[in-house]
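Everything on this sheet refers to the single structure shown next.
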There are 2 protein chains.
Amino acid sequence: MLRVGKLTDYATVILSIMAKDKHHVFAAMEMAALTGIALPTVSKVLKILVNAKILMSVRGAKGGYLLAGEPNGITVAAIISALEGPIALTECSLSKQACTAASGCGIRANWHVINQTIYNALASVTLADLIKPAVGLEEAYVPLASLYQ
Amino acid sequence: MLRVGKLTDYATVILSIMAKDKHHVFAAMEMAALTGIALPTVSKVLKILVNAKILMSVRGAKGGYLLAGEPNGITVAAIISALEGPIALTECSLSKQACTAASGCGIRANWHVINQTIYNALASVTLADLIKPAVGLEEAYVPLASLYQ
DNA sequence: TTTAAATAGTACTAAAATAGTACTGAATTA
DNA sequence: TAATTCAGTACTATTTTAGTACTATTTAAA
């Protein structure tokens, strides 16, 4: 439901490995070996992360990649945005008159609130949190409905 | 980023229209006219919603569709699940030894927490909320990070 | 200075998911 | 019994995503 692509998944794994050894410069091939992901694919993900300024790259022999900042400054929202593109909700696919007449627009405004809320939530979790041991699921409850009361 | 398909979008529009006129039996063709969505597509969405027990159907002449329950009992999570299938996170796409060795698994557990949290949040919003006027964005802040402290 | 190692960028191909359509069958009402 | 309307299935086309290939550029070391 919250569909994130495989590349995003790869990115979190790659970044987590880097976060645990912050000053090590990882070559793409090294990362491919560590994760089991094919080299061209790892390479693609790494390039995307550099463009998003989440990673820095060092070119030439002995080059590679390393985190551009501290793990607690890299948010999950930033990682997802880098891989999945700008946060685009479903754009209005109804004709404008149908939208207004059929009361679709008000719904969409509410959708936007929900999506923004979820984005904010993801922006509050960082790579540093991600490499901590997982918390218990029973604690993971955020009542979004309170926004509507 | 939180990508929901077009059909899910259609579903929210359709359900909102129905929620505003709870006892009216809407024929598929009527709904197509109201929304501007092509009849076969509306029909497809309606059938899916019936299977998910979000809608009831009345067959035969003068038949159609209507809500199976009260708007405040139909959650956004239920609507999304109906259209997008069971909430499937990205399944582990790394080899098992790489996963364990490369510390990917701990990350995935954290992913699961985040996804579950977002699901819970969506489960707290109902169709009744969705047809209310939208709330201001500045209020829409849910600090997920608190889970990690 | 040359060679090897490594990233940068672009473009392409293949596979998967999604959206939309068509058609046949079954139920209900008039 | 005829007309209306939903039920179900299967199919096709489109779009998105994943993955690959290739060339250029940069840097370290021999």
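Following the order of the structure tokens, chains are lettered A, B, ..., residues in each are numbered from 1, and ligands are numbered from 1.
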Residues of chain B at most 9 Å from chain C: nearest atom pair and distance in Å, only C-alpha atoms (C1' of nucleotides), as JSON lines:
{"residue": "B:Gly5", "atom": "CA", "partner": "C:DT18", "partner_atom": "C1'", "distance": 7.9}
{"residue": "B:Lys6", "atom": "CA", "partner": "C:DA19", "partner_atom": "C1'", "distance": 8.2}
{"residue": "B:Leu7", "atom": "CA", "partner": "C:DA19", "partner_atom": "C1'", "distance": 8.2}
{"residue": "B:Ala38", "atom": "CA", "partner": "C:DG20", "partner_atom": "C1'", "distance": 8.9}
{"residue": "B:Pro40", "atom": "CA", "partner": "C:DT21", "partner_atom": "C1'", "distance": 6.9}
{"residue": "B:Thr41", "atom": "CA", "partner": "C:DG20", "partner_atom": "C1'", "distance": 6.5}
{"residue": "B:Val58", "atom": "CA", "partner": "C:DT28", "partner_atom": "C1'", "distance": 8.8}
{"residue": "B:Arg59", "atom": "CA", "partner": "C:DA27", "partner_atom": "C1'", "distance": 5.9}
{"residue": "B:Gly60", "atom": "CA", "partner": "C:DT28", "partner_atom": "C1'", "distance": 3.9}
{"residue": "B:Ala61", "atom": "CA", "partner": "C:DT29", "partner_atom": "C1'", "distance": 5.5}
{"residue": "B:Lys62", "atom": "CA", "partner": "C:DT29", "partner_atom": "C1'", "distance": 7.4}
{"residue": "B:Gly63", "atom": "CA", "partner": "C:DT28", "partner_atom": "C1'", "distance": 8.1}
How close does chain D get to chain A? List, as a Markdown table, each residue of chain D within 8 Å, its nearest atom pair and the distance in Å to one decimal, counting only C-alpha atoms (C1' of nucleotides).
| residue | atom | partner | partner_atom | distance |
| --- | --- | --- | --- | --- |
| D:DT17 | C1' | A:Gly5 | CA | 7.9 |
| D:DG19 | C1' | A:Thr41 | CA | 6.5 |
| D:DT20 | C1' | A:Pro40 | CA | 6.9 |
| D:DT26 | C1' | A:Gly60 | CA | 5.1 |
| D:DT27 | C1' | A:Gly60 | CA | 3.9 |
| D:DA28 | C1' | A:Ala61 | CA | 5.4 |
Hey, which of A:Met56, A:Ile48, A:Ile37, A:Ala68 ends up closest to chain B? Count only C-alpha atoms.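 Selected residue with least distance to chain B: A:Ile37.
In this model, the gap between CA of Met29 in chain B and CA of Thr75 in chain B comes to 25.5 Å.
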Apply DSSP to the structure's backbone, then extract all residues of range 11-61 of chain B labelled helix (DSSP H, G or I) and return them as a PyMOL selection string. chain B and resi 11-19+28-35+39-51
Just-selected residues, N, CA and C atoms written as a compact mmCIF listing (two decimals), in the first residue's frame:
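And here's out.txt as it stands now:
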# COMPACT_ATOMS: atom_id res chain seq x y z
N ALA B 11 -12.10 5.41 -6.35
CA ALA B 11 -12.88 4.81 -5.27
C ALA B 11 -13.24 5.85 -4.21
N THR B 12 -12.29 6.69 -3.86
CA THR B 12 -12.58 7.68 -2.82
C THR B 12 -13.63 8.68 -3.31
N VAL B 13 -13.54 9.03 -4.59
CA VAL B 13 -14.52 9.96 -5.13
C VAL B 13 -15.91 9.32 -5.14
N ILE B 14 -15.96 8.09 -5.63
CA ILE B 14 -17.23 7.37 -5.69
C ILE B 14 -17.85 7.21 -4.31
N LEU B 15 -17.03 6.79 -3.37
CA LEU B 15 -17.54 6.55 -2.02
C LEU B 15 -18.00 7.84 -1.36
N SER B 16 -17.31 8.92 -1.64
CA SER B 16 -17.70 10.19 -1.05
C SER B 16 -19.07 10.64 -1.55
N ILE B 17 -19.28 10.43 -2.84
CA ILE B 17 -20.58 10.77 -3.40
C ILE B 17 -21.67 9.94 -2.74
N MET B 18 -21.39 8.68 -2.56
CA MET B 18 -22.37 7.81 -1.93
C MET B 18 -22.61 8.17 -0.47
N ALA B 19 -21.54 8.58 0.19
CA ALA B 19 -21.65 8.90 1.61
C ALA B 19 -22.54 10.11 1.84
N ALA B 28 -24.34 1.87 -11.79
CA ALA B 28 -23.00 2.13 -12.30
C ALA B 28 -23.01 3.25 -13.33
N MET B 29 -24.04 3.24 -14.18
CA MET B 29 -24.09 4.24 -15.24
C MET B 29 -24.32 5.63 -14.67
N GLU B 30 -25.10 5.68 -13.62
CA GLU B 30 -25.37 6.95 -12.96
C GLU B 30 -24.05 7.51 -12.39
N MET B 31 -23.29 6.63 -11.77
CA MET B 31 -22.04 7.06 -11.17
C MET B 31 -21.04 7.50 -12.25
N ALA B 32 -21.06 6.81 -13.37
CA ALA B 32 -20.18 7.20 -14.48
C ALA B 32 -20.52 8.62 -14.94
N ALA B 33 -21.81 8.92 -15.02
CA ALA B 33 -22.25 10.25 -15.45
C ALA B 33 -21.83 11.30 -14.42
N LEU B 34 -21.95 10.97 -13.14
CA LEU B 34 -21.63 11.92 -12.07
C LEU B 34 -20.14 12.25 -12.01
N THR B 35 -19.32 11.26 -12.30
CA THR B 35 -17.88 11.44 -12.11
C THR B 35 -17.12 11.71 -13.41
N LEU B 39 -17.64 4.12 -18.02
CA LEU B 39 -18.50 3.13 -17.38
C LEU B 39 -17.79 1.83 -17.01
N PRO B 40 -17.03 1.21 -17.93
CA PRO B 40 -16.41 -0.06 -17.55
C PRO B 40 -15.46 0.09 -16.36
N THR B 41 -14.82 1.24 -16.30
CA THR B 41 -13.88 1.47 -15.20
C THR B 41 -14.61 1.68 -13.88
N VAL B 42 -15.64 2.50 -13.90
CA VAL B 42 -16.45 2.68 -12.70
C VAL B 42 -16.96 1.33 -12.23
N SER B 43 -17.44 0.58 -13.17
CA SER B 43 -18.00 -0.73 -12.88
C SER B 43 -16.98 -1.63 -12.19
N LYS B 44 -15.78 -1.58 -12.70
CA LYS B 44 -14.70 -2.38 -12.12
C LYS B 44 -14.44 -1.98 -10.67
N VAL B 45 -14.37 -0.70 -10.43
CA VAL B 45 -14.12 -0.20 -9.07
C VAL B 45 -15.25 -0.62 -8.14
N LEU B 46 -16.47 -0.47 -8.60
CA LEU B 46 -17.62 -0.81 -7.77
C LEU B 46 -17.62 -2.29 -7.38
N LYS B 47 -17.28 -3.12 -8.35
CA LYS B 47 -17.24 -4.55 -8.06
C LYS B 47 -16.19 -4.88 -7.01
N ILE B 48 -15.05 -4.23 -7.13
CA ILE B 48 -13.98 -4.46 -6.16
C ILE B 48 -14.43 -4.04 -4.77
N LEU B 49 -15.14 -2.94 -4.70
CA LEU B 49 -15.60 -2.44 -3.40
C LEU B 49 -16.68 -3.34 -2.79
N VAL B 50 -17.46 -3.98 -3.65
CA VAL B 50 -18.45 -4.93 -3.15
C VAL B 50 -17.74 -6.15 -2.56
N ASN B 51 -16.75 -6.64 -3.29
CA ASN B 51 -16.00 -7.80 -2.81
C ASN B 51 -15.33 -7.51 -1.46
Nearest residue to chain A out of B:Ala128, B:Leu66, B:Val113, B:Leu83, using only C-alpha atoms?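 So, comparing all the options, the nearest one is B:Val113.
For the atom pair formed by CA of Ile74 in chain B and C1' of DT5 in chain D, the distance is 25.5 Å, given to one decimal.
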Using only C-alpha atoms, find the one residue out of A:Ile54, A:Leu67, A:Ala82, A:Ala109 that sits nearest to chain B.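 For chain B, the nearest of the candidates is A:Ala109.
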